[in-house]
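Below is one structure, written out as structure tokens; the observations come after it.
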Amino acid sequence: MTATSHTGAIPAERIAPADAAGRSAAASGNRAAPFITASGLRKSFQMGTTVVHALAGVDIAIEAGTFQTIMGPSGSGKSTLLYLLGGLDRPTAGRIIVGGHVVNEMDENALAAYRRRFVGFIFQSFNLIPSLSAWENVAFPMRFAGVSRRERQKRAFALLERVGLADRRDHKPTELSGGQQQRVAIARSLVNEPRLVLADEPTGNLDTASGQSIMDLLAELHRDGRTVLVVTHDPRMAAYATHRVFLLDGCIVSEEKYREVAGVI
Ligand SMILES: Nc1ncnc2c1ncn2[C@@H]1O[C@H](COP(=O)(O)OP(=O)(O)OP(=O)(O)O)[C@@H](O)[C@H]1O
Ligand SMILES: [Mg+2]
């Protein structure tokens, strides 16, 4: 058994470590262009007189249809990496290409459209709107896409059914358990049929059983052919992942591949 120290869950087949340029084996192989490529990715924050290097030069290539976990200690840059890939923030330097789109060159409008059409976000704290019911939360992102209220409701109901919450659609977030709130957030992330699902510690606020059901749901999204990137401290997530990267001080220090990608879109 190799390279299980951080996950402990399943044996991991260690692939070639990042080369001198930080490029993974997948990136330097002769496959078609990966779904996601980031190169020379840096993000720095000026804090008074000091500069925090949240990402200090990340190179990564991610194939379509992978389920990738991103692990590493607190402050290592995991969330920053996820936000940059999802167009929630801009890099200080470097290039991000997703599905052939050069994300780092997009203006605000293009970036908003990219987030809406391409990316589903799931956060640790759910980020639901407290005054809206479950179905209204799910339907909310469609308000800006010119979808009629009737159609929004129909799609929201279908998505809530998909995440096992058909009987909770009129509940407000405070009337739902943590696991149920995260299911609503996952349903909301799917309204625009994103090819890429980005989850930042989605089970971090949940008890063991609820966390497990959220992992099962993410695995389903992956089986549907989506590319799923999950920042997590939960070693159980490794059972679902095809790949894992480990960050330290804003750099990728190891990349592992657990299994082949099936059903790539
Ligand atoms: N908006 C910001 N302004 C200043 N510094 C920031 C900002 N966002 C992140 N940082 C810093 O960048 C580094 C990486 O932060 P990041 O949130 O990506 O870490 P993380 O790996 O997600 O940690 P955690 O596991 O605690 O969520 C940290 O040192 C953090 O303090
Ligand atoms: Mg974080």
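Going by the structure tokens order, chains are called A, B, ..., each with residues numbered from 1, while ligands are numbered from 1 in the order shown.
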
Within 12 Å of ligand 2, counting only C-alpha atoms and all ligand atoms, residues as a VMD selection string: chain A and resid 54 70 to 83 123 to 125 199 to 202 204 230 to 233 247 250

Those same residues, written as a tab-separated table (two decimals), in the first residue's frame with C-alpha atoms?
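Done, and the output landed in part_32.tsv:
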```tsv
chain	number	residue	atom	x	y	z
A	54	ALA	CA	-1.96	32.29	-1.14
A	70	ILE	CA	-7.83	18.99	-2.96
A	71	MET	CA	-6.26	18.53	0.44
A	72	GLY	CA	-3.75	20.37	2.55
A	73	PRO	CA	-3.40	22.18	5.85
A	74	SER	CA	-5.34	25.30	6.76
A	75	GLY	CA	-4.03	28.31	4.86
A	76	SER	CA	-2.34	26.24	2.13
A	77	GLY	CA	-4.41	27.85	-0.65
A	78	LYS	CA	-7.14	25.26	-1.30
A	79	SER	CA	-10.08	27.66	-1.34
A	80	THR	CA	-8.07	30.20	-3.29
A	81	LEU	CA	-7.36	27.62	-5.99
A	82	LEU	CA	-11.02	26.63	-6.19
A	83	TYR	CA	-12.19	30.25	-6.40
A	123	PHE	CA	-19.77	25.93	0.09
A	124	GLN	CA	-19.19	24.67	3.61
A	125	SER	CA	-21.73	27.10	5.03
A	199	ALA	CA	-17.18	22.17	-3.58
A	200	ASP	CA	-15.29	23.83	-0.70
A	201	GLU	CA	-15.41	21.56	2.36
A	202	PRO	CA	-19.02	20.56	1.62
A	204	GLY	CA	-17.23	20.39	6.96
A	230	VAL	CA	-13.74	18.96	-3.78
A	231	VAL	CA	-11.67	20.69	-1.13
A	232	THR	CA	-11.90	18.44	1.88
A	233	HIS	CA	-10.26	17.33	5.09
A	247	LEU	CA	-1.24	21.71	-1.36
A	250	GLY	CA	0.45	27.70	-1.99
```

Shell of 10 Å around Glu108 (chain A), only C-alpha atoms, local chain residues under 5 positions omitted, as number ranges by chain: A: 87, 113-114

Expected file: the selected residues, N, CA and C atoms, as a PDB file, in the first residue's frame:
```
ATOM      1  N   GLY A  87     -13.679  31.200 -11.283  1.00  0.00           N
ATOM      2  CA  GLY A  87     -13.924  32.582 -11.701  1.00  0.00           C
ATOM      3  C   GLY A  87     -14.548  33.449 -10.627  1.00  0.00           C
ATOM      4  N   ALA A 113     -20.875  35.217 -16.850  1.00  0.00           N
ATOM      5  CA  ALA A 113     -21.510  34.218 -17.727  1.00  0.00           C
ATOM      6  C   ALA A 113     -20.818  32.862 -17.573  1.00  0.00           C
ATOM      7  N   TYR A 114     -19.511  32.889 -17.444  1.00  0.00           N
ATOM      8  CA  TYR A 114     -18.742  31.647 -17.242  1.00  0.00           C
ATOM      9  C   TYR A 114     -19.196  30.952 -15.964  1.00  0.00           C
TER      10      TYR A 114
END
```

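All residues of protein, DNA or RNA that reach within 9 Å of region 149-159 of chain A, judged by only C-alpha atoms and not counting those fewer than 5 positions away in the chain, are Ala134, Trp135, Glu136, Asn137, Val138, Ala139, Phe140, Met142, Arg143, Gly164, Leu165, Ala166, Arg169, Val184, Ile186, Ala187, Arg188, Leu190 and Val191 of chain A.
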
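Of the listed residues A:Gly146, A:Gly100, A:Pro91, A:Gly120, the one whose atoms come nearest to ligand 1 is A:Pro91, with distances taken using only C-alpha atoms and all ligand atoms.
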
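Restricting the calculation to only C-alpha atoms, the smallest distance between Gly99 (chain A) and any of A:Leu160, A:Val147, A:Asn127, A:Ala33 is found for A:Ala33.
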
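Here atom 23 (O, counted along the ligand's line) of ligand 1 is placed at a distance of 10.1 Å from CA of Leu248 (chain A).
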
Every residue of region 35-232 of chain A that DSSP places in strand (DSSP E), as a PyMOL selection string: chain A and resi 36-47+50-62+67-71+93-98+101-102+119-123+196-200+227-231

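Counting from atom 19 (O, counted along the ligand's line) of ligand 1, the distance to CA of Val119 (chain A) is 20.3 Å.
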
Residues within 12 Å of Asp224 (chain A), only C-alpha atoms, excluding chain neighbours under 3 positions, as number ranges by chain: A: 64-67, 190, 193-197, 217-221, 227-228, 262-265

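Relative to CA of Tyr258 (chain A), atom 28 (C, counted along the ligand's line) of ligand 1 is found at 28.2 Å.
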
Non-local contacts of region 92-98 of chain A (6 Å; only C-alpha atoms; under 6 positions in same chain excluded) as a ChimeraX atom specification: /A:35-43,104

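For the choices A:Asp234, A:Asp107, A:Glu260, A:Asp216, the atom-to-atom distance to ligand 1 is smallest for A:Asp234 when using only C-alpha atoms and all ligand atoms.
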
12 Å contact set for Leu176 (chain A), only C-alpha atoms, chain neighbours under 2 positions out, as a ChimeraX atom specification: /A:126,128,130,133-134,165,167-174,178-185

Take the residues just selected and output them with C-alpha atoms as a PDB file, in the first residue's frame.
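Contents of again33.pdb, as written:
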```pdb
ATOM      1  CA  PHE A 126     -24.408  26.371   2.360  1.00  0.00           C
ATOM      2  CA  LEU A 128     -28.714  29.795   1.296  1.00  0.00           C
ATOM      3  CA  PRO A 130     -32.760  32.573   4.836  1.00  0.00           C
ATOM      4  CA  SER A 133     -37.959  28.458   0.842  1.00  0.00           C
ATOM      5  CA  ALA A 134     -35.916  25.490  -0.390  1.00  0.00           C
ATOM      6  CA  LEU A 165     -35.940  16.642  -0.695  1.00  0.00           C
ATOM      7  CA  ASP A 167     -41.096  16.762   0.748  1.00  0.00           C
ATOM      8  CA  ARG A 168     -39.116  19.735   2.056  1.00  0.00           C
ATOM      9  CA  ARG A 169     -39.458  22.166  -0.808  1.00  0.00           C
ATOM     10  CA  ASP A 170     -41.488  24.747   1.126  1.00  0.00           C
ATOM     11  CA  HIS A 171     -39.213  24.678   4.170  1.00  0.00           C
ATOM     12  CA  LYS A 172     -37.016  27.670   4.944  1.00  0.00           C
ATOM     13  CA  PRO A 173     -33.300  26.969   5.579  1.00  0.00           C
ATOM     14  CA  THR A 174     -33.773  27.282   9.374  1.00  0.00           C
ATOM     15  CA  GLY A 178     -27.498  20.904   7.976  1.00  0.00           C
ATOM     16  CA  GLY A 179     -27.403  17.944   5.599  1.00  0.00           C
ATOM     17  CA  GLN A 180     -30.714  18.981   4.061  1.00  0.00           C
ATOM     18  CA  GLN A 181     -29.486  22.557   3.637  1.00  0.00           C
ATOM     19  CA  GLN A 182     -26.424  21.272   1.834  1.00  0.00           C
ATOM     20  CA  ARG A 183     -28.693  19.198  -0.436  1.00  0.00           C
ATOM     21  CA  VAL A 184     -30.622  22.346  -1.297  1.00  0.00           C
ATOM     22  CA  ALA A 185     -27.317  24.089  -2.042  1.00  0.00           C
TER      23      ALA A 185
END
```

Which of region 7-200 of chain A fall in alpha helix (DSSP H), as an NGL selection string: :A and (25-28 or 78-85 or 108-118 or 134-139 or 149-162 or 178-189)

Nearest residue to ligand 1 from the set A:Arg259, A:Ala238, A:Ile129, A:Cys251 (distances using only C-alpha atoms and all ligand atoms): A:Cys251

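Nearest residue to ligand 1, choosing from A:Val58, A:Asp249, A:Ala209, A:Ala241 and counting only C-alpha atoms and all ligand atoms: A:Asp249.
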